[in-house]
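K.L.:
Dropping in structure07.cif, with mmCIF, C-alpha atoms.
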```cif
data_structure
#
loop_
_atom_site.label_atom_id
_atom_site.label_comp_id
_atom_site.auth_asym_id
_atom_site.auth_seq_id
_atom_site.Cartn_x
_atom_site.Cartn_y
_atom_site.Cartn_z
CA MET A 1 23.11 -22.99 5.87
CA LYS A 2 20.28 -24.57 3.92
CA LYS A 3 16.89 -23.02 4.66
CA LEU A 4 13.53 -24.77 4.61
CA SER A 5 11.78 -24.27 1.28
CA PHE A 6 8.51 -26.09 2.01
CA ILE A 7 6.99 -29.10 3.75
CA LYS A 8 5.59 -31.75 1.41
CA LYS A 9 2.71 -33.90 2.58
CA THR A 10 1.22 -36.94 0.91
CA ASN A 11 -0.52 -36.73 -2.46
CA GLY A 12 -2.92 -39.42 -1.24
CA SER A 13 -2.95 -43.16 -0.70
CA HIS A 14 -3.60 -46.12 -2.97
CA TRP A 15 -2.72 -49.78 -3.39
CA VAL A 16 0.00 -51.02 -5.71
CA GLY A 17 -1.27 -54.45 -6.65
CA ASP A 18 -2.66 -56.19 -3.58
CA GLY A 19 0.51 -56.11 -1.50
CA PHE A 20 1.58 -52.50 -1.11
CA PRO A 21 -0.67 -49.90 0.54
CA VAL A 22 1.25 -46.73 -0.29
CA ARG A 23 1.14 -43.01 0.31
CA ASN A 24 2.64 -41.13 -2.61
CA ILE A 25 4.81 -38.37 -1.14
CA PHE A 26 5.91 -36.82 -4.44
CA SER A 27 6.19 -37.69 -8.10
CA TYR A 28 7.49 -36.33 -11.38
CA ASN A 29 4.05 -34.74 -11.83
CA ASP A 30 4.44 -32.30 -8.93
CA ILE A 31 7.91 -31.47 -7.56
CA ALA A 32 10.34 -33.34 -9.80
CA GLU A 33 12.32 -30.19 -10.59
CA GLU A 34 12.68 -29.33 -6.90
CA MET A 35 13.66 -32.93 -6.00
CA SER A 36 15.98 -33.73 -8.95
CA PRO A 37 17.55 -36.28 -9.32
CA PHE A 38 14.71 -37.99 -7.42
CA LEU A 39 11.49 -38.54 -9.36
CA LEU A 40 9.07 -40.23 -6.98
CA MET A 41 8.65 -41.56 -3.46
CA ASP A 42 6.03 -44.05 -2.28
CA TYR A 43 5.80 -44.85 1.41
CA ALA A 44 4.27 -48.30 1.98
CA GLY A 45 2.79 -48.89 5.42
CA PRO A 46 3.19 -49.13 8.25
CA ALA A 47 0.74 -51.98 7.82
CA THR A 48 0.15 -55.44 9.22
CA PHE A 49 -0.57 -58.50 7.07
CA GLU A 50 -1.96 -61.79 8.29
CA PRO A 51 -0.05 -64.98 7.41
CA THR A 52 -1.09 -66.37 4.06
CA ALA A 53 -0.08 -68.72 1.26
CA GLN A 54 -1.48 -66.17 -1.21
CA ARG A 55 0.96 -64.36 -3.49
CA ARG A 56 0.53 -60.67 -2.64
CA GLY A 57 2.16 -57.93 -4.69
CA VAL A 58 2.24 -56.57 -8.21
CA GLY A 59 2.81 -58.55 -11.39
CA ALA A 60 5.06 -57.85 -14.36
CA HIS A 61 5.14 -54.22 -15.47
CA PRO A 62 7.62 -52.10 -17.47
CA HIS A 63 10.05 -49.28 -16.66
CA ARG A 64 12.43 -47.19 -18.74
CA GLY A 65 14.70 -44.22 -18.12
CA PHE A 66 15.33 -44.37 -14.36
CA GLU A 67 16.12 -46.55 -11.34
CA THR A 68 13.89 -47.96 -8.61
CA VAL A 69 15.24 -48.11 -5.07
CA THR A 70 13.37 -50.17 -2.48
CA ILE A 71 14.28 -49.84 1.21
CA VAL A 72 12.67 -52.41 3.52
CA TYR A 73 12.05 -51.27 7.09
CA ASP A 74 9.86 -54.27 7.98
CA GLY A 75 8.66 -57.33 6.10
CA GLY A 76 10.17 -58.86 2.98
CA VAL A 77 9.97 -58.39 -0.79
CA SER A 78 10.91 -60.71 -3.64
CA HIS A 79 11.78 -59.26 -7.04
CA ARG A 80 12.34 -60.66 -10.55
CA ASP A 81 13.02 -58.84 -13.80
CA SER A 82 13.37 -59.61 -17.49
CA ALA A 83 17.08 -58.72 -17.47
CA GLY A 84 17.85 -61.58 -15.09
CA GLY A 85 18.01 -59.58 -11.87
CA GLY A 86 16.20 -60.66 -8.77
CA GLY A 87 16.24 -61.81 -5.22
CA THR A 88 14.64 -61.30 -1.83
CA ILE A 89 15.24 -58.33 0.43
CA ASP A 90 14.34 -58.42 4.10
CA LYS A 91 14.30 -55.91 6.95
CA GLY A 92 17.20 -53.48 6.53
CA ASP A 93 18.01 -54.56 2.96
CA VAL A 94 17.89 -52.41 -0.19
CA GLN A 95 17.17 -53.27 -3.82
CA TRP A 96 18.59 -50.84 -6.42
CA MET A 97 17.28 -51.70 -9.88
CA THR A 98 18.46 -49.82 -12.97
CA ALA A 99 15.68 -50.00 -15.56
CA ALA A 100 17.53 -47.72 -18.01
CA SER A 101 16.90 -48.98 -21.58
CA GLY A 102 13.88 -50.93 -20.40
CA LEU A 103 12.76 -54.07 -18.63
CA LEU A 104 9.81 -55.79 -17.01
CA HIS A 105 9.76 -56.63 -13.32
CA GLU A 106 7.48 -57.95 -10.62
CA GLU A 107 7.44 -57.44 -6.86
CA TYR A 108 5.72 -59.66 -4.29
CA HIS A 109 5.84 -60.23 -0.58
CA SER A 110 8.58 -62.78 -0.02
CA PRO A 111 7.27 -66.31 0.67
CA GLU A 112 8.92 -66.25 4.10
CA TYR A 113 7.28 -62.98 5.10
CA ALA A 114 3.89 -63.94 3.63
CA GLY A 115 3.96 -67.18 5.60
CA ARG A 116 4.63 -65.49 8.93
CA GLY A 117 2.80 -62.19 8.37
CA GLY A 118 3.31 -59.24 10.67
CA PRO A 119 4.43 -55.61 10.26
CA PHE A 120 5.27 -54.28 6.80
CA GLU A 121 6.95 -50.98 5.96
CA MET A 122 9.07 -49.88 3.03
CA ILE A 123 9.97 -46.95 0.82
CA GLN A 124 10.34 -47.02 -2.93
CA LEU A 125 12.16 -44.22 -4.73
CA TRP A 126 12.43 -43.54 -8.43
CA VAL A 127 15.83 -42.04 -9.19
CA ASN A 128 16.27 -40.27 -12.50
CA LEU A 129 19.11 -41.12 -14.86
CA PRO A 130 21.09 -38.48 -16.78
CA ALA A 131 20.11 -38.33 -20.46
CA ARG A 132 23.38 -40.00 -21.46
CA ASP A 133 22.56 -43.04 -19.29
CA LYS A 134 18.86 -43.56 -19.97
CA THR A 135 19.54 -46.25 -22.55
CA VAL A 136 22.36 -48.16 -20.84
CA GLU A 137 21.88 -51.85 -20.09
CA PRO A 138 19.60 -52.63 -17.13
CA GLY A 139 21.24 -53.62 -13.85
CA TYR A 140 20.41 -54.88 -10.37
CA GLN A 141 22.09 -54.27 -7.01
CA ALA A 142 21.03 -56.38 -4.03
CA ILE A 143 22.35 -54.59 -0.94
CA THR A 144 22.02 -56.40 2.37
CA ASP A 145 21.72 -54.75 5.75
CA ALA A 146 25.16 -56.12 6.66
CA GLN A 147 26.72 -54.34 3.66
CA ILE A 148 25.40 -50.92 4.68
CA PRO A 149 27.84 -49.11 6.99
CA ARG A 150 26.54 -47.51 10.18
CA VAL A 151 28.19 -44.33 11.40
CA PRO A 152 27.55 -42.82 14.85
CA LEU A 153 26.49 -39.19 14.87
CA PRO A 154 28.23 -36.64 17.12
CA GLY A 155 26.75 -35.98 20.53
CA ASP A 156 25.16 -39.42 20.83
CA ALA A 157 22.49 -38.16 18.40
CA GLY A 158 21.99 -41.52 16.69
CA THR A 159 23.35 -43.37 13.68
CA VAL A 160 23.44 -42.99 9.90
CA ARG A 161 23.18 -45.98 7.58
CA VAL A 162 24.94 -44.83 4.42
CA ILE A 163 23.08 -46.53 1.55
CA ALA A 164 24.45 -44.27 -1.18
CA GLY A 165 26.88 -41.39 -1.26
CA ARG A 166 29.19 -40.43 1.54
CA TYR A 167 28.96 -39.40 5.18
CA GLY A 168 32.32 -38.10 6.41
CA GLU A 169 34.88 -40.71 5.40
CA THR A 170 32.31 -43.48 4.96
CA SER A 171 30.89 -44.39 1.53
CA GLY A 172 27.71 -46.35 0.86
CA PRO A 173 27.67 -49.53 -1.27
CA ALA A 174 25.19 -48.37 -3.94
CA HIS A 175 26.53 -47.44 -7.37
CA THR A 176 24.84 -44.28 -8.70
CA PHE A 177 24.97 -42.55 -12.07
CA SER A 178 25.07 -39.04 -10.58
CA PRO A 179 26.24 -37.70 -7.20
CA MET A 180 23.70 -38.32 -4.42
CA ASN A 181 23.26 -39.30 -0.80
CA VAL A 182 20.66 -41.71 0.53
CA TRP A 183 20.99 -41.96 4.32
CA ASP A 184 18.74 -43.92 6.69
CA MET A 185 19.03 -42.17 10.06
CA ARG A 186 17.96 -43.45 13.48
CA LEU A 187 17.94 -40.43 15.77
CA GLN A 188 17.69 -39.82 19.50
CA GLY A 189 15.14 -37.32 20.74
CA GLY A 190 16.09 -33.92 22.05
CA ARG A 191 19.20 -33.50 19.91
CA SER A 192 20.43 -30.83 17.50
CA LEU A 193 22.08 -32.05 14.33
CA SER A 194 24.21 -30.37 11.68
CA LEU A 195 24.88 -32.34 8.49
CA ASP A 196 27.43 -31.28 5.89
CA LEU A 197 26.05 -31.46 2.34
CA GLN A 198 26.92 -29.92 -1.00
CA HIS A 199 26.08 -26.32 -1.83
CA GLY A 200 23.70 -26.26 -4.79
CA HIS A 201 22.44 -29.80 -4.24
CA THR A 202 18.88 -30.87 -3.58
CA ALA A 203 18.27 -31.87 0.05
CA ALA A 204 15.19 -33.29 1.77
CA LEU A 205 14.36 -35.04 5.05
CA PHE A 206 11.48 -37.54 5.14
CA VAL A 207 10.16 -38.49 8.58
CA LEU A 208 8.98 -42.09 8.92
CA HIS A 209 8.65 -42.07 12.72
CA GLY A 210 8.92 -39.35 15.31
CA ALA A 211 9.26 -35.68 14.44
CA ILE A 212 11.91 -33.08 13.68
CA ARG A 213 11.98 -29.31 13.88
CA ILE A 214 13.61 -26.90 11.45
CA GLY A 215 13.48 -23.39 12.84
CA ALA A 216 9.88 -22.78 13.90
CA HIS A 217 8.51 -25.58 11.71
CA THR A 218 7.76 -29.14 12.86
CA ILE A 219 7.83 -32.00 10.36
CA GLN A 220 5.66 -34.90 11.43
CA GLU A 221 5.45 -38.55 10.39
CA ALA A 222 4.96 -39.11 6.63
CA GLU A 223 5.99 -35.51 5.87
CA MET A 224 9.07 -34.30 4.03
CA ALA A 225 11.08 -31.13 4.54
CA VAL A 226 12.42 -29.87 1.21
CA MET A 227 15.35 -27.51 1.61
CA GLU A 228 16.66 -24.68 -0.54
CA ARG A 229 19.77 -25.59 -2.54
CA GLU A 230 21.90 -22.72 -1.32
CA GLY A 231 24.20 -23.43 1.59
CA ALA A 232 26.08 -26.53 2.67
CA GLN A 233 24.85 -27.22 6.22
CA LEU A 234 21.51 -28.79 7.09
CA VAL A 235 20.58 -28.04 10.70
CA PHE A 236 17.58 -29.47 12.55
CA ASP A 237 16.38 -30.69 15.95
CA THR A 238 14.69 -33.94 16.96
CA THR A 239 11.61 -33.61 19.15
CA GLY A 240 11.57 -37.34 19.90
CA ASP A 241 13.24 -40.57 18.83
CA SER A 242 12.91 -40.57 15.05
CA VAL A 243 13.55 -42.51 11.86
CA VAL A 244 14.43 -40.11 9.04
CA LEU A 245 15.48 -40.67 5.43
CA LEU A 246 17.79 -38.05 3.95
CA LEU A 247 17.86 -37.56 0.19
CA SER A 248 20.34 -35.20 -1.43
CA GLY A 249 21.89 -35.00 -4.83
CA GLU A 250 23.13 -32.96 -7.74
CA PRO A 251 20.22 -31.66 -9.84
CA LEU A 252 20.32 -33.01 -13.38
CA ASN A 253 18.92 -29.80 -14.93
CA GLU A 254 17.50 -31.75 -17.86
CA PRO A 255 13.93 -31.91 -19.21
CA ILE A 256 11.65 -34.42 -17.49
CA VAL A 257 8.92 -35.99 -19.60
CA GLY A 258 7.07 -38.84 -17.96
CA HIS A 259 4.22 -41.14 -18.90
CA GLY A 260 3.33 -43.77 -16.32
CA PRO A 261 6.35 -46.10 -15.90
CA PHE A 262 8.49 -44.28 -18.50
CA VAL A 263 10.52 -41.14 -17.73
CA MET A 264 12.60 -39.65 -20.52
CA ASN A 265 13.67 -36.21 -21.78
CA THR A 266 11.35 -35.69 -24.75
CA ARG A 267 7.86 -36.66 -25.85
CA GLU A 268 9.35 -38.48 -28.82
CA GLU A 269 11.40 -40.69 -26.48
CA ILE A 270 8.25 -41.52 -24.53
CA MET A 271 6.47 -42.56 -27.73
CA GLN A 272 9.46 -44.72 -28.67
CA ALA A 273 9.40 -46.35 -25.24
CA MET A 274 5.74 -47.23 -25.70
CA ARG A 275 6.41 -48.70 -29.15
CA ASP A 276 9.37 -50.70 -27.86
CA TYR A 277 7.32 -52.06 -24.99
CA ASN A 278 4.44 -53.02 -27.26
CA ASP A 279 6.90 -54.69 -29.64
CA GLY A 280 8.29 -56.87 -26.85
CA LYS A 281 11.69 -55.20 -26.71
CA PHE A 282 11.72 -55.05 -22.91
CA GLY A 283 12.28 -58.79 -22.71
CA ARG A 284 10.11 -61.49 -21.24
CA MET A 285 9.53 -62.76 -17.74
CA THR A 286 10.33 -66.44 -17.29
CA ALA A 287 7.53 -68.59 -15.91
CA THR A 288 7.55 -69.14 -12.14
CA ARG A 289 7.88 -72.66 -10.84
#
```
Could I get this structure in the form of structure tokens?
P.N.:
Amino acid sequence: MKKLSFIKKTNGSHWVGDGFPVRNIFSYNDIAEEMSPFLLMDYAGPATFEPTAQRRGVGAHPHRGFETVTIVYDGGVSHRDSAGGGGTIDKGDVQWMTAASGLLHEEYHSPEYAGRGGPFEMIQLWVNLPARDKTVEPGYQAITDAQIPRVPLPGDAGTVRVIAGRYGETSGPAHTFSPMNVWDMRLQGGRSLSLDLQHGHTAALFVLHGAIRIGAHTIQEAEMAVMEREGAQLVFDTTGDSVVLLLSGEPLNEPIVGHGPFVMNTREEIMQAMRDYNDGKFGRMTATR
């Protein structure tokens, strides 16, 4: 059975552009080794925005060496990138963007959401790429809520939306470059759960709403339980109705060298990424109409 290693709380809050008030839960600067293959998690909201015609969000910026995964719990986000990917994701949808060899992208509140306003909540993950894949061509996966399978948990404990990886016989729609699970779980209070994972893999539970208990420890909203890698079962209790994101995956066991929006394996690769960006090799964003 996997044992609790530690509880990770926020590193602090800040705004990304003028559209995303986020709490950084972890990054490659603090627990990247413990969370491999995951590099970063920002939790945006819960927040409420008034209706507006203003374009709220963050303009074109670069990435290289990893993937960004955006999960919308409320609101709507529109994305464009210099590799031709883009689209709008709404409540329940997921955007899985592979920056890899490098691109520019922008993220704004979708026009539909901005016009109506209301609650906004999302998570953005940075998922590391193995060294062999850091320079592959960029890619974009738009995954709708309807494409994400829902699996009931035993004992009427709730449901699992399998975004990536596999729960039992059910596979998620996301393509990944290394083995991992990304599960969005909606859980009933007062239940005990036992999830089968891989021995030796990273495993963590992030609580968006509600609370869970692992042994004598309670994990509250906006906190993450990081488990030891030994063992194959993850056992916990729910103390109330909860929304929990499970992240698990095979550690890459490769050097992590990051600088802002670039995450590579060596300092030399970071310097090359900066030169390539400055030389315009990440492409160009087309003008908006």
K.L.:
Near range 177-181 of chain A, within 8 Å and counting only C-alpha atoms, which residues show up once chain neighbours fewer than 6 positions away are dropped, as a PDB file with C-alpha atoms, keeping the file's coordinate frame?
P.N.:
```pdb
ATOM      1  CA  LEU A 129      19.110 -41.120 -14.860  1.00  0.00           C
ATOM      2  CA  PRO A 130      21.090 -38.480 -16.780  1.00  0.00           C
ATOM      3  CA  ASP A 133      22.560 -43.040 -19.290  1.00  0.00           C
ATOM      4  CA  VAL A 162      24.940 -44.830   4.420  1.00  0.00           C
ATOM      5  CA  ILE A 163      23.080 -46.530   1.550  1.00  0.00           C
ATOM      6  CA  ALA A 164      24.450 -44.270  -1.180  1.00  0.00           C
ATOM      7  CA  GLY A 165      26.880 -41.390  -1.260  1.00  0.00           C
ATOM      8  CA  ARG A 166      29.190 -40.430   1.540  1.00  0.00           C
ATOM      9  CA  LEU A 246      17.790 -38.050   3.950  1.00  0.00           C
ATOM     10  CA  LEU A 247      17.860 -37.560   0.190  1.00  0.00           C
ATOM     11  CA  SER A 248      20.340 -35.200  -1.430  1.00  0.00           C
ATOM     12  CA  GLY A 249      21.890 -35.000  -4.830  1.00  0.00           C
ATOM     13  CA  GLU A 250      23.130 -32.960  -7.740  1.00  0.00           C
TER      14      GLU A 250
END
```
K.L.:
Step by step, work through what the PyMOL selection byres ((chain A and resi 208) around 8) selects in the shown file, and finish by giving those residues as a ChimeraX atom specification.
P.N.:
/A:206-207,209-210,221-223,242-245
K.L.:
What residues come out when you apply the PyMOL selection byres ((chain A and resi 12-29) around 6) to this file, written as JSON, numbers by chain?
P.N.:
{"A": [10, 11, 30, 32, 39, 40, 41, 42, 43, 44, 56, 57, 58]}
K.L.:
Those residues you just picked out, can you put them in a file as a PDB file, in the frame of the given file with C-alpha atoms?
P.N.:
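Wrote it out as selection-v4.pdb, contents follow:
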```
ATOM      1  CA  THR A  10       1.220 -36.940   0.910  1.00  0.00           C
ATOM      2  CA  ASN A  11      -0.520 -36.730  -2.460  1.00  0.00           C
ATOM      3  CA  ASP A  30       4.440 -32.300  -8.930  1.00  0.00           C
ATOM      4  CA  ALA A  32      10.340 -33.340  -9.800  1.00  0.00           C
ATOM      5  CA  LEU A  39      11.490 -38.540  -9.360  1.00  0.00           C
ATOM      6  CA  LEU A  40       9.070 -40.230  -6.980  1.00  0.00           C
ATOM      7  CA  MET A  41       8.650 -41.560  -3.460  1.00  0.00           C
ATOM      8  CA  ASP A  42       6.030 -44.050  -2.280  1.00  0.00           C
ATOM      9  CA  TYR A  43       5.800 -44.850   1.410  1.00  0.00           C
ATOM     10  CA  ALA A  44       4.270 -48.300   1.980  1.00  0.00           C
ATOM     11  CA  ARG A  56       0.530 -60.670  -2.640  1.00  0.00           C
ATOM     12  CA  GLY A  57       2.160 -57.930  -4.690  1.00  0.00           C
ATOM     13  CA  VAL A  58       2.240 -56.570  -8.210  1.00  0.00           C
TER      14      VAL A  58
END
```
K.L.:
Tell me, as a PDB file with C-alpha atoms, in the coordinates of the input, which residues lie within 10 Å of Phe6 in chain A, counting all atoms listed in the file; anything in the same chain fewer than 5 positions away does not count.
P.N.:
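Dumped to part21.pdb:
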```pdb
ATOM      1  CA  ALA A 204      15.190 -33.290   1.770  1.00  0.00           C
ATOM      2  CA  HIS A 217       8.510 -25.580  11.710  1.00  0.00           C
ATOM      3  CA  MET A 224       9.070 -34.300   4.030  1.00  0.00           C
ATOM      4  CA  ALA A 225      11.080 -31.130   4.540  1.00  0.00           C
ATOM      5  CA  VAL A 226      12.420 -29.870   1.210  1.00  0.00           C
ATOM      6  CA  MET A 227      15.350 -27.510   1.610  1.00  0.00           C
ATOM      7  CA  GLU A 228      16.660 -24.680  -0.540  1.00  0.00           C
TER       8      GLU A 228
END
```
K.L.:
Where does the PyMOL selection byres ((chain A and resi 68) around 12) land in this file, that is, which residues does it pick, as JSON, numbers by chain?
P.N.:
{"A": [38, 39, 40, 41, 42, 62, 63, 64, 65, 66, 67, 69, 70, 71, 79, 94, 95, 96, 97, 98, 99, 100, 103, 105, 107, 123, 124, 125, 126, 127, 128, 129, 138, 139, 140, 141, 142, 176, 261, 262, 263]}
K.L.:
Show me the residues around (6.0, -37.7, -21.4) - criterion: an atom at most 10 Å away, all atoms listed in the file counted - as a PDB file with C-alpha atoms, in the coordinates of the input.
P.N.:
```
ATOM      1  CA  ILE A 256      11.650 -34.420 -17.490  1.00  0.00           C
ATOM      2  CA  VAL A 257       8.920 -35.990 -19.600  1.00  0.00           C
ATOM      3  CA  GLY A 258       7.070 -38.840 -17.960  1.00  0.00           C
ATOM      4  CA  HIS A 259       4.220 -41.140 -18.900  1.00  0.00           C
ATOM      5  CA  GLY A 260       3.330 -43.770 -16.320  1.00  0.00           C
ATOM      6  CA  PHE A 262       8.490 -44.280 -18.500  1.00  0.00           C
ATOM      7  CA  VAL A 263      10.520 -41.140 -17.730  1.00  0.00           C
ATOM      8  CA  MET A 264      12.600 -39.650 -20.520  1.00  0.00           C
ATOM      9  CA  ASN A 265      13.670 -36.210 -21.780  1.00  0.00           C
ATOM     10  CA  THR A 266      11.350 -35.690 -24.750  1.00  0.00           C
ATOM     11  CA  ARG A 267       7.860 -36.660 -25.850  1.00  0.00           C
ATOM     12  CA  GLU A 268       9.350 -38.480 -28.820  1.00  0.00           C
ATOM     13  CA  GLU A 269      11.400 -40.690 -26.480  1.00  0.00           C
ATOM     14  CA  ILE A 270       8.250 -41.520 -24.530  1.00  0.00           C
ATOM     15  CA  MET A 271       6.470 -42.560 -27.730  1.00  0.00           C
TER      16      MET A 271
END
```
K.L.:
Which one of A:Gly283, A:Gly189, A:Gly92, A:Gly200 sits closest to Arg161 in chain A if you count all atoms listed in the file?
P.N.:
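Looking only at the distances to Arg161 in chain A, the closest residue turns out to be A:Gly92.
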K.L.:
Could you jot down the CA of Arg191 in chain A to CA of Lys8 in chain A separation for me, Å, one decimal place?
P.N.:
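Spanning CA of Arg191 in chain A to CA of Lys8 in chain A is a straight-line distance of 23.0 Å.
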K.L.:
Distance cut-off 7 Å, centre (9.9, -32.0, 16.3) in file coordinates, counting all atoms listed in the file: which residues qualify? Return them as a ChimeraX atom specification.
P.N.:
/A:211-213,218-219,237-240
K.L.:
Just to confirm, what's the straight-line distance from CA of Thr286 in chain A to CA of Ala83 in chain A in Å (one decimal)?
P.N.:
10.3 Å
K.L.:
I'd like to know which of A:Leu104, A:Val235, A:Ile7, A:Ala114 is closest to Glu50 in chain A, using only C-alpha atoms.
P.N.:
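Checking each of A:Leu104, A:Val235, A:Ile7, A:Ala114 against Glu50 in chain A, counting only C-alpha atoms, the winner is A:Ala114.
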